[in-house]
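Q: Before we start, here is the structure in question, set down as structure tokens.
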Amino acid sequence: MNTQATDTEKLTSWTPVILPPLSNLHKIEFYLANDGYKSFKKAMEMKPEEIIDEVKKSNLRGRGGACFPTGLKWSFMPKNSDKPKYLCVNGDESEPGTFKDRQILEFNPHLLIEGTLIACYAMGIRTAYIYIRGEYIKQIKLLQKAIDEAYANHLIGENILGTNFSTNIYIHRGAGAYICGEESSLMNSIEGVRGYPRLKPPFPAQFGLWGCPTTINNVETIANIPIIINNGWEWYSKVGAEKHPGPILVGVSGHVNNPGVFEMPTGEPLLEIIYKWAGGIPGDKGIKAVIPGGSSTMILRGDKLEDVRMDWDSLKKAGSSVGTAGIIVMDSDTDLIKVITRIAEFYYRESCGQCTPCREGTVWMFKILKRFENYKATKDDIDLLLDVANNIEGNTICALGDAAAWPVQSMIYQFRDEFEKRVEESKFHSLSA
Amino acid sequence: MLSEENKIKIEELRKRYPTSQSLILPALWMIQEQYGYISDESMKHISVLLNIPYSHILGVVTFYTMLHKNKVGKHHIEVCTNISCMLRGSGKILEHLENRLGIKSGETSTDKKYTLSEVECLGSCGTAPVLAIGKEYHENLTIEKLDKIIDALI
Ligand SMILES: Cc1cc2nc3c(=O)[nH]c(=O)nc-3n(C[C@H](O)[C@H](O)[C@H](O)COP(=O)(O)O)c2cc1C
Ligand code: SF4
Ligand code: FES
């Protein structure tokens, strides 16, 4: 797989900074030899609020799916608190089509640690938990080794680098639950209760882990922090798309010749990513559909990708979102009914069951779609399906409900013809049966 | 029962969290690594060790798909059938395994050697199709590669 973007120079003038093409970067001596922890040292000479301001001005948006402005999120944390404050770094990475945080954990774990330290310093946090999905055993080992090295070098722990700043960083291993990537569920998982999402408000910055002020950020978001501090917000905010700047790890999977994770500035044309970076479609087939940002994002028609770019603004205009930047490509021969049925099955299985619209709605959608898949659906089932999806959206405790509804809604909006065709074929199927 | 070594580890982990409740998951992982599954007896043991009601421990165990209340086969083969893998032929991979092992997805072979499961996205979509056996991922699968992997399991 292409993880380190070795051919990057040929594609854009971008030189990777999150996943630079250097080997052994996971070892602290190599990381230090390549200016590692320089940003952290620079940050320690700044005032905490200067760092938050820098992150705000950089316009960094979270890479965990919602594109929330990171600096703004940090500014919600109370400056003075008689309770401890916490940082949770979200490495649950379970959104289907997403496999990018894993690259950071494997190839550049010290960048994540450095970003975590800067975040803790900026928000006055003394304990950070890095939550990693249970399946990432190899990655957990690699990160733990990097953390141990950083402790040994007085970069984590008490009185870091001889200052009065102290912070601990711990890994918390998940155990197989997509929902634990949702921030409040993740906190419950760390607290040792079932990973049910919590009602918001209160928001984590007021009432998070153990009722204390807490910030949750995605692994890739945190990995961007040292880049911002090192290069300054002026530089960072000019990389890629204006409203959603910076380097972004784009994963491309499905029907492409050269799947992988590629680091690029935001705002690259989607078609260029598919054809140039990911090597185009096997057998030179056409593109039927693309899911641009992981399975929760709205599906796009292959014939409507002309002006679509990989950034918050452009994908919003195209009727979808960046999500986790996991592009899933489907060629002209793909059975989209099968695809959406499998997606619906996923959300049905992963719903935690707390709210009725999500619990019941995801079962319904899956059952109706199974009828389509098995050539047993009627024309009324199309609107019934849309109706069920519409009744989930916006009516649940957490965004899993929306995440389940969006793919179904968009599939019907964009490919109603496929559903209608299936209904026609079903008549034929029942005759021949 | 947690091994002596793991009991020491749990004591060390206490420093990391303000409540012992947070140690449930780490302790359950240790139990599962020791025995391959989490028995009722183990849950009672954790309950006493951490001073947390058994019913709470049970609730946590049943919440997570990676934690097993029952013994699984010596080799737990978990095939990702989510969308990126599906687009690249995970259906054929699963079918081949079912035929070769003589069990359906969700079953354990009578000799307890294999358990076959379908799982959700493993975060390896760029090297699809993918499966995991124990701690190892096997990526970019083909039927030939799969046969070699199964041949090598003892
Ligand atoms: C069902 C569900 C699953 C999620 N899974 C993840 C995940 O695996 N990783 C992640 O970083 N964010 C995930 N999120 C988003 C988090 O709730 C949260 O917004 C994010 O971690 C914040 O980080 P950011 O601001 O840096 O993007 C998920 C959200 C939902 C609703
Ligand atoms: S929306 Fe679904 S996953 Fe989220 S809390 Fe409600 S039932 Fe659980
Ligand atoms: S879909 Fe199989 S690893 Fe992601």
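Residue names in the structure tokens use chain letters A, B, ... in the order shown, residue numbers from 1 in each chain, and ligand numbers from 1 in the order shown.
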If we count only C-alpha atoms, which residues of chain A reach to within 7 Å of chain B? Please list them as a compact mmCIF listing (two decimals) with all heavy atoms, in the first residue's frame.

A:
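To be explicit, this is the file written out as selection14.txt:
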```
# COMPACT_ATOMS: atom_id res chain seq x y z
N MET A 1 0.84 -1.20 0.00
CA MET A 1 0.00 0.00 0.00
C MET A 1 0.88 1.25 0.00
O MET A 1 1.93 1.29 0.60
CB MET A 1 -0.89 -0.01 1.24
CG MET A 1 -1.70 1.24 1.36
SD MET A 1 -3.03 1.09 2.53
CE MET A 1 -2.14 0.93 4.05
N GLU A 93 -10.99 5.17 15.18
CA GLU A 93 -10.97 4.90 13.73
C GLU A 93 -11.77 3.66 13.29
O GLU A 93 -11.22 2.64 12.91
CB GLU A 93 -9.52 4.74 13.24
CG GLU A 93 -9.43 4.64 11.71
CD GLU A 93 -8.15 5.22 11.15
OE1 GLU A 93 -7.15 4.49 11.05
OE2 GLU A 93 -8.18 6.40 10.82
N SER A 94 -13.08 3.79 13.34
CA SER A 94 -13.92 2.65 12.96
C SER A 94 -14.91 2.98 11.86
O SER A 94 -15.75 2.14 11.52
CB SER A 94 -14.69 2.13 14.17
OG SER A 94 -13.81 1.84 15.22
N PRO A 96 -16.27 2.98 8.46
CA PRO A 96 -15.89 2.21 7.27
C PRO A 96 -15.32 3.10 6.15
O PRO A 96 -15.87 4.15 5.85
CB PRO A 96 -17.20 1.55 6.86
CG PRO A 96 -17.92 1.36 8.16
CD PRO A 96 -17.59 2.59 8.96
N GLY A 97 -14.20 2.68 5.60
CA GLY A 97 -13.52 3.44 4.57
C GLY A 97 -12.41 4.32 5.11
O GLY A 97 -11.76 5.02 4.36
N THR A 98 -12.17 4.26 6.43
CA THR A 98 -11.19 5.14 7.07
C THR A 98 -10.01 4.33 7.61
O THR A 98 -10.21 3.40 8.39
CB THR A 98 -11.85 5.91 8.23
OG1 THR A 98 -13.08 6.44 7.76
CG2 THR A 98 -10.97 7.01 8.73
N PHE A 99 -8.82 4.71 7.20
CA PHE A 99 -7.64 3.96 7.66
C PHE A 99 -6.43 4.87 7.67
O PHE A 99 -5.33 4.49 7.33
CB PHE A 99 -7.40 2.74 6.75
CG PHE A 99 -7.42 3.02 5.26
CD1 PHE A 99 -6.26 3.01 4.52
CD2 PHE A 99 -8.61 3.29 4.61
CE1 PHE A 99 -6.27 3.28 3.16
CE2 PHE A 99 -8.65 3.57 3.25
CZ PHE A 99 -7.48 3.56 2.52
N ILE A 137 -3.64 -3.68 17.49
CA ILE A 137 -2.69 -4.19 18.48
C ILE A 137 -1.26 -3.75 18.17
O ILE A 137 -0.53 -3.28 19.03
CB ILE A 137 -2.79 -5.73 18.54
CG1 ILE A 137 -4.21 -6.12 18.97
CG2 ILE A 137 -1.76 -6.32 19.49
CD1 ILE A 137 -4.55 -7.58 18.78
N ALA A 175 -12.47 -2.07 22.61
CA ALA A 175 -12.71 -3.51 22.53
C ALA A 175 -13.76 -3.86 21.49
O ALA A 175 -14.50 -4.83 21.64
CB ALA A 175 -13.10 -4.05 23.91
N GLY A 176 -13.82 -3.06 20.42
CA GLY A 176 -14.73 -3.42 19.34
C GLY A 176 -16.11 -2.82 19.54
O GLY A 176 -17.01 -3.50 20.03
N ALA A 177 -16.28 -1.55 19.20
CA ALA A 177 -17.57 -0.89 19.23
C ALA A 177 -17.41 0.41 18.46
O ALA A 177 -16.70 1.31 18.91
CB ALA A 177 -18.03 -0.61 20.66
N ILE A 190 -13.89 4.99 28.65
CA ILE A 190 -12.72 5.19 29.52
C ILE A 190 -13.13 5.08 31.00
O ILE A 190 -12.40 4.53 31.82
CB ILE A 190 -12.04 6.55 29.25
CG1 ILE A 190 -11.43 6.56 27.84
CG2 ILE A 190 -10.97 6.86 30.31
CD1 ILE A 190 -10.79 7.87 27.44
N GLU A 191 -14.32 5.57 31.31
CA GLU A 191 -14.77 5.49 32.70
C GLU A 191 -15.13 4.07 33.14
O GLU A 191 -15.37 3.82 34.32
CB GLU A 191 -15.99 6.41 32.91
CG GLU A 191 -15.62 7.88 32.90
CD GLU A 191 -16.80 8.77 33.27
OE1 GLU A 191 -17.77 8.28 33.88
OE2 GLU A 191 -16.76 9.96 32.92
N GLY A 192 -15.21 3.16 32.17
CA GLY A 192 -15.49 1.77 32.52
C GLY A 192 -16.96 1.44 32.61
O GLY A 192 -17.35 0.47 33.26
N VAL A 193 -17.79 2.26 31.99
CA VAL A 193 -19.21 1.89 31.88
C VAL A 193 -19.49 1.57 30.42
O VAL A 193 -18.67 1.83 29.54
CB VAL A 193 -20.16 3.00 32.40
CG1 VAL A 193 -19.91 3.25 33.87
CG2 VAL A 193 -20.00 4.29 31.62
N ARG A 194 -20.66 0.99 30.14
CA ARG A 194 -20.98 0.67 28.75
C ARG A 194 -20.88 1.93 27.90
O ARG A 194 -21.20 3.02 28.36
CB ARG A 194 -22.41 0.10 28.67
CG ARG A 194 -22.58 -1.22 29.41
CD ARG A 194 -24.03 -1.60 29.53
NE ARG A 194 -24.59 -1.97 28.24
CZ ARG A 194 -24.82 -3.23 27.85
NH1 ARG A 194 -24.57 -4.22 28.67
NH2 ARG A 194 -25.32 -3.49 26.67
N VAL A 252 -8.00 6.33 -0.05
CA VAL A 252 -8.80 5.94 -1.22
C VAL A 252 -8.88 4.42 -1.25
O VAL A 252 -7.85 3.73 -1.20
CB VAL A 252 -8.20 6.47 -2.54
CG1 VAL A 252 -9.20 6.29 -3.68
CG2 VAL A 252 -7.79 7.93 -2.43
N SER A 253 -10.11 3.91 -1.30
CA SER A 253 -10.29 2.46 -1.34
C SER A 253 -11.40 2.10 -2.31
O SER A 253 -12.04 2.97 -2.88
CB SER A 253 -10.60 1.93 0.06
OG SER A 253 -11.84 2.41 0.51
N GLY A 254 -11.64 0.83 -2.47
CA GLY A 254 -12.65 0.38 -3.42
C GLY A 254 -12.04 0.11 -4.78
O GLY A 254 -10.91 -0.39 -4.87
N HIS A 255 -12.77 0.49 -5.84
CA HIS A 255 -12.33 0.16 -7.20
C HIS A 255 -11.31 1.16 -7.75
O HIS A 255 -11.63 1.95 -8.64
CB HIS A 255 -13.54 0.08 -8.12
CG HIS A 255 -14.48 -1.03 -7.76
ND1 HIS A 255 -15.85 -0.92 -7.82
CD2 HIS A 255 -14.24 -2.29 -7.33
CE1 HIS A 255 -16.41 -2.06 -7.44
NE2 HIS A 255 -15.45 -2.91 -7.13
N PRO A 259 -4.89 1.82 -4.30
CA PRO A 259 -5.49 2.33 -3.07
C PRO A 259 -4.43 2.72 -2.05
O PRO A 259 -3.30 2.26 -2.14
CB PRO A 259 -6.33 1.14 -2.56
CG PRO A 259 -5.76 -0.07 -3.21
CD PRO A 259 -5.11 0.36 -4.48
N GLY A 260 -4.78 3.55 -1.10
CA GLY A 260 -3.83 3.93 -0.07
C GLY A 260 -4.20 5.22 0.60
O GLY A 260 -5.26 5.80 0.33
N ILE A 328 -14.42 6.22 -1.03
CA ILE A 328 -14.69 4.86 -1.49
C ILE A 328 -15.22 4.95 -2.92
O ILE A 328 -16.23 5.61 -3.18
CB ILE A 328 -15.72 4.14 -0.59
CG1 ILE A 328 -15.27 4.21 0.88
CG2 ILE A 328 -15.90 2.69 -1.03
CD1 ILE A 328 -16.31 3.74 1.88
N VAL A 339 -24.49 -2.43 -1.97
CA VAL A 339 -23.64 -1.53 -1.19
C VAL A 339 -24.44 -0.86 -0.07
O VAL A 339 -24.04 -0.90 1.10
CB VAL A 339 -23.01 -0.44 -2.11
CG1 VAL A 339 -22.38 0.68 -1.28
CG2 VAL A 339 -21.96 -1.06 -3.02
N ARG A 342 -25.45 -3.19 2.73
CA ARG A 342 -24.35 -3.51 3.65
C ARG A 342 -24.07 -2.34 4.60
O ARG A 342 -23.80 -2.53 5.79
CB ARG A 342 -23.08 -3.85 2.85
CG ARG A 342 -21.90 -4.31 3.72
CD ARG A 342 -22.23 -5.59 4.47
NE ARG A 342 -21.17 -6.00 5.40
CZ ARG A 342 -21.05 -5.57 6.66
NH1 ARG A 342 -21.92 -4.67 7.13
NH2 ARG A 342 -20.09 -6.02 7.43
N ILE A 343 -24.15 -1.13 4.06
CA ILE A 343 -23.94 0.04 4.93
C ILE A 343 -25.04 0.09 6.00
O ILE A 343 -24.77 0.30 7.18
CB ILE A 343 -23.91 1.35 4.09
CG1 ILE A 343 -22.67 1.35 3.18
CG2 ILE A 343 -23.92 2.58 5.00
CD1 ILE A 343 -22.56 2.56 2.27
```

Q: From a DSSP pass on the backbone, collect the residues of range 213-367 of chain A flagged as strand (DSSP E or B) and hand them back as a count of residues only.

A: 38

Q: As a count of residues only, please: every protein or nucleic acid residue near ligand 2 (cut-off 12 Å, counting only C-alpha atoms and all ligand atoms).

A: 49

Q: Need the shell around range 271-287 of chain A: protein/DNA/RNA residues with any atom at most 7 Å away, counting only C-alpha atoms. Skip same-chain ones fewer than 6 positions apart. Format as a list in words?

A: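 The residues that qualify are Val252, His255, Val256, Asn257, Asn258, Pro259, Gly302, Leu305, Met330, Asp331 and Ser332 of chain A.
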
Q: Go ahead and save the picked residues with N, CA and C atoms, as a compact mmCIF listing (two decimals), in the first residue's frame.

A:
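Now in out.txt:
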```txt
# COMPACT_ATOMS: atom_id res chain seq x y z
N VAL A 252 -8.00 6.33 -0.05
CA VAL A 252 -8.80 5.94 -1.22
C VAL A 252 -8.88 4.42 -1.25
N HIS A 255 -12.77 0.49 -5.84
CA HIS A 255 -12.33 0.16 -7.20
C HIS A 255 -11.31 1.16 -7.75
N VAL A 256 -10.10 1.14 -7.23
CA VAL A 256 -9.02 1.93 -7.81
C VAL A 256 -7.79 1.04 -7.95
N ASN A 257 -6.90 1.43 -8.86
CA ASN A 257 -5.70 0.62 -9.10
C ASN A 257 -4.69 0.71 -7.98
N ASN A 258 -4.67 1.85 -7.32
CA ASN A 258 -3.60 2.10 -6.37
C ASN A 258 -4.16 2.66 -5.06
N PRO A 259 -4.89 1.82 -4.30
CA PRO A 259 -5.49 2.33 -3.07
C PRO A 259 -4.43 2.72 -2.05
N GLY A 302 -21.11 9.46 -9.92
CA GLY A 302 -19.84 9.48 -10.66
C GLY A 302 -19.83 10.50 -11.78
N LEU A 305 -18.87 14.71 -10.65
CA LEU A 305 -17.70 14.95 -9.80
C LEU A 305 -16.81 16.06 -10.32
N MET A 330 -16.64 3.42 -6.51
CA MET A 330 -17.40 2.29 -7.05
C MET A 330 -17.48 2.38 -8.56
N ASP A 331 -17.06 1.35 -9.26
CA ASP A 331 -17.03 1.40 -10.72
C ASP A 331 -18.42 1.18 -11.31
N SER A 332 -18.49 1.28 -12.64
CA SER A 332 -19.78 1.26 -13.33
C SER A 332 -20.54 -0.06 -13.18
```

Q: With only C-alpha atoms as the counted atoms, please give the residues lying no more than 12 Å from Glu95 in chain B, apart from itself and same-chain residues fewer than 4 positions off, as a list in words.

A: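 The neighbour list is Val79, Thr81, Gly89, Ser90, Gly91, Asn99, Arg100, Leu101, Gly102, Ile103, Lys104, Ser105, Leu116, Ser117, Glu118, Ile143 and Leu146 of chain B.
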
Q: Please identify the alpha helix (DSSP H) residues within range 21-122 of chain B (assignment by DSSP from backbone atoms) and present them as a PyMOL selection string.

A: chain B and resi 24-35+40-50+54-63+83-87+90-101

Q: Let's have the selection written as a tab-separated table (two decimals), in the first residue's frame, with N, CA and C atoms.

A:
```tsv
chain	number	residue	atom	x	y	z
B	24	ILE	N	-11.73	-1.80	34.48
B	24	ILE	CA	-12.49	-2.97	34.02
B	24	ILE	C	-11.99	-3.45	32.65
B	25	LEU	N	-11.96	-2.53	31.69
B	25	LEU	CA	-11.53	-2.94	30.34
B	25	LEU	C	-10.10	-3.51	30.34
B	26	PRO	N	-9.13	-2.77	30.92
B	26	PRO	CA	-7.78	-3.36	30.95
B	26	PRO	C	-7.76	-4.74	31.61
B	27	ALA	N	-8.50	-4.91	32.70
B	27	ALA	CA	-8.49	-6.21	33.40
B	27	ALA	C	-9.14	-7.29	32.53
B	28	LEU	N	-10.23	-6.92	31.86
B	28	LEU	CA	-10.89	-7.90	31.00
B	28	LEU	C	-9.98	-8.32	29.85
B	29	TRP	N	-9.24	-7.36	29.31
B	29	TRP	CA	-8.30	-7.70	28.24
B	29	TRP	C	-7.25	-8.69	28.75
B	30	MET	N	-6.77	-8.46	29.95
B	30	MET	CA	-5.76	-9.38	30.50
B	30	MET	C	-6.34	-10.78	30.65
B	31	ILE	N	-7.57	-10.86	31.18
B	31	ILE	CA	-8.21	-12.16	31.33
B	31	ILE	C	-8.34	-12.85	29.97
B	32	GLN	N	-8.80	-12.09	28.99
B	32	GLN	CA	-9.00	-12.70	27.67
B	32	GLN	C	-7.67	-13.15	27.06
B	33	GLU	N	-6.59	-12.39	27.30
B	33	GLU	CA	-5.29	-12.80	26.78
B	33	GLU	C	-4.83	-14.08	27.48
B	34	GLN	N	-5.15	-14.21	28.76
B	34	GLN	CA	-4.73	-15.41	29.49
B	34	GLN	C	-5.51	-16.64	29.06
B	35	TYR	N	-6.83	-16.51	28.94
B	35	TYR	CA	-7.67	-17.70	28.74
B	35	TYR	C	-8.32	-17.78	27.36
B	40	ASP	N	-17.61	-16.64	33.51
B	40	ASP	CA	-18.37	-16.10	34.62
B	40	ASP	C	-17.50	-15.93	35.85
B	41	GLU	N	-16.70	-16.97	36.05
B	41	GLU	CA	-15.81	-17.00	37.22
B	41	GLU	C	-14.82	-15.83	37.15
B	42	SER	N	-14.27	-15.59	35.95
B	42	SER	CA	-13.33	-14.48	35.78
B	42	SER	C	-14.02	-13.15	36.07
B	43	MET	N	-15.27	-13.03	35.62
B	43	MET	CA	-15.98	-11.78	35.86
B	43	MET	C	-16.19	-11.56	37.35
B	44	LYS	N	-16.48	-12.65	38.06
B	44	LYS	CA	-16.66	-12.54	39.51
B	44	LYS	C	-15.35	-12.14	40.17
B	45	HIS	N	-14.27	-12.70	39.66
B	45	HIS	CA	-12.94	-12.38	40.18
B	45	HIS	C	-12.64	-10.88	39.99
B	46	ILE	N	-12.91	-10.37	38.79
B	46	ILE	CA	-12.68	-8.93	38.52
B	46	ILE	C	-13.58	-8.09	39.42
B	47	SER	N	-14.79	-8.58	39.60
B	47	SER	CA	-15.75	-7.87	40.44
B	47	SER	C	-15.22	-7.69	41.86
B	48	VAL	N	-14.64	-8.74	42.40
B	48	VAL	CA	-14.08	-8.67	43.76
B	48	VAL	C	-12.82	-7.80	43.77
B	49	LEU	N	-11.96	-8.05	42.79
B	49	LEU	CA	-10.69	-7.33	42.71
B	49	LEU	C	-10.89	-5.82	42.66
B	50	LEU	N	-11.87	-5.39	41.86
B	50	LEU	CA	-12.07	-3.95	41.66
B	50	LEU	C	-13.20	-3.40	42.53
B	54	TYR	N	-20.85	-7.45	40.02
B	54	TYR	CA	-20.71	-8.40	38.92
B	54	TYR	C	-21.58	-7.99	37.73
B	55	SER	N	-22.79	-7.54	38.00
B	55	SER	CA	-23.71	-7.20	36.91
B	55	SER	C	-23.14	-6.07	36.05
B	56	HIS	N	-22.40	-5.19	36.68
B	56	HIS	CA	-21.77	-4.10	35.92
B	56	HIS	C	-20.70	-4.64	34.98
B	57	ILE	N	-19.89	-5.56	35.51
B	57	ILE	CA	-18.83	-6.18	34.70
B	57	ILE	C	-19.46	-6.90	33.51
B	58	LEU	N	-20.51	-7.64	33.79
B	58	LEU	CA	-21.20	-8.39	32.74
B	58	LEU	C	-21.72	-7.44	31.65
B	59	GLY	N	-22.27	-6.32	32.10
B	59	GLY	CA	-22.78	-5.32	31.17
B	59	GLY	C	-21.70	-4.80	30.24
B	60	VAL	N	-20.50	-4.62	30.78
B	60	VAL	CA	-19.39	-4.13	29.96
B	60	VAL	C	-18.95	-5.22	28.97
B	61	VAL	N	-18.83	-6.44	29.48
B	61	VAL	CA	-18.37	-7.54	28.60
B	61	VAL	C	-19.30	-7.69	27.40
B	62	THR	N	-20.60	-7.65	27.66
B	62	THR	CA	-21.54	-7.90	26.57
B	62	THR	C	-21.65	-6.72	25.61
B	63	PHE	N	-21.14	-5.57	26.03
B	63	PHE	CA	-21.22	-4.39	25.16
B	63	PHE	C	-20.24	-4.47	23.99
B	83	ILE	N	-17.79	-2.37	3.41
B	83	ILE	CA	-17.95	-1.98	2.02
B	83	ILE	C	-16.67	-2.00	1.16
B	84	SER	N	-15.57	-1.44	1.67
B	84	SER	CA	-14.36	-1.42	0.84
B	84	SER	C	-13.87	-2.84	0.57
B	85	CYS	N	-14.00	-3.71	1.55
B	85	CYS	CA	-13.61	-5.10	1.36
B	85	CYS	C	-14.59	-5.81	0.44
B	86	MET	N	-15.87	-5.52	0.62
B	86	MET	CA	-16.89	-6.11	-0.24
B	86	MET	C	-16.63	-5.78	-1.70
B	87	LEU	N	-16.29	-4.52	-1.96
B	87	LEU	CA	-16.03	-4.10	-3.34
B	87	LEU	C	-14.83	-4.83	-3.93
B	90	SER	N	-14.52	-9.57	-0.70
B	90	SER	CA	-14.56	-10.28	0.59
B	90	SER	C	-15.62	-11.38	0.60
B	91	GLY	N	-16.65	-11.24	-0.25
B	91	GLY	CA	-17.68	-12.29	-0.34
B	91	GLY	C	-17.06	-13.62	-0.73
B	92	LYS	N	-16.19	-13.59	-1.72
B	92	LYS	CA	-15.53	-14.82	-2.18
B	92	LYS	C	-14.58	-15.37	-1.12
B	93	ILE	N	-13.93	-14.47	-0.40
B	93	ILE	CA	-13.01	-14.90	0.66
B	93	ILE	C	-13.78	-15.66	1.74
B	94	LEU	N	-14.90	-15.09	2.15
B	94	LEU	CA	-15.71	-15.71	3.20
B	94	LEU	C	-16.25	-17.06	2.73
B	95	GLU	N	-16.75	-17.06	1.49
B	95	GLU	CA	-17.32	-18.29	0.92
B	95	GLU	C	-16.26	-19.40	0.87
B	96	HIS	N	-15.06	-19.03	0.44
B	96	HIS	CA	-13.98	-20.00	0.35
B	96	HIS	C	-13.65	-20.57	1.74
B	97	LEU	N	-13.62	-19.70	2.72
B	97	LEU	CA	-13.33	-20.15	4.08
B	97	LEU	C	-14.42	-21.08	4.60
B	98	GLU	N	-15.67	-20.71	4.33
B	98	GLU	CA	-16.78	-21.55	4.80
B	98	GLU	C	-16.68	-22.94	4.18
B	99	ASN	N	-16.36	-22.98	2.89
B	99	ASN	CA	-16.23	-24.28	2.23
B	99	ASN	C	-15.05	-25.06	2.76
B	100	ARG	N	-13.94	-24.37	2.88
B	100	ARG	CA	-12.73	-25.08	3.27
B	100	ARG	C	-12.79	-25.57	4.72
B	101	LEU	N	-13.34	-24.75	5.59
B	101	LEU	CA	-13.36	-25.13	7.01
B	101	LEU	C	-14.62	-25.92	7.38
```
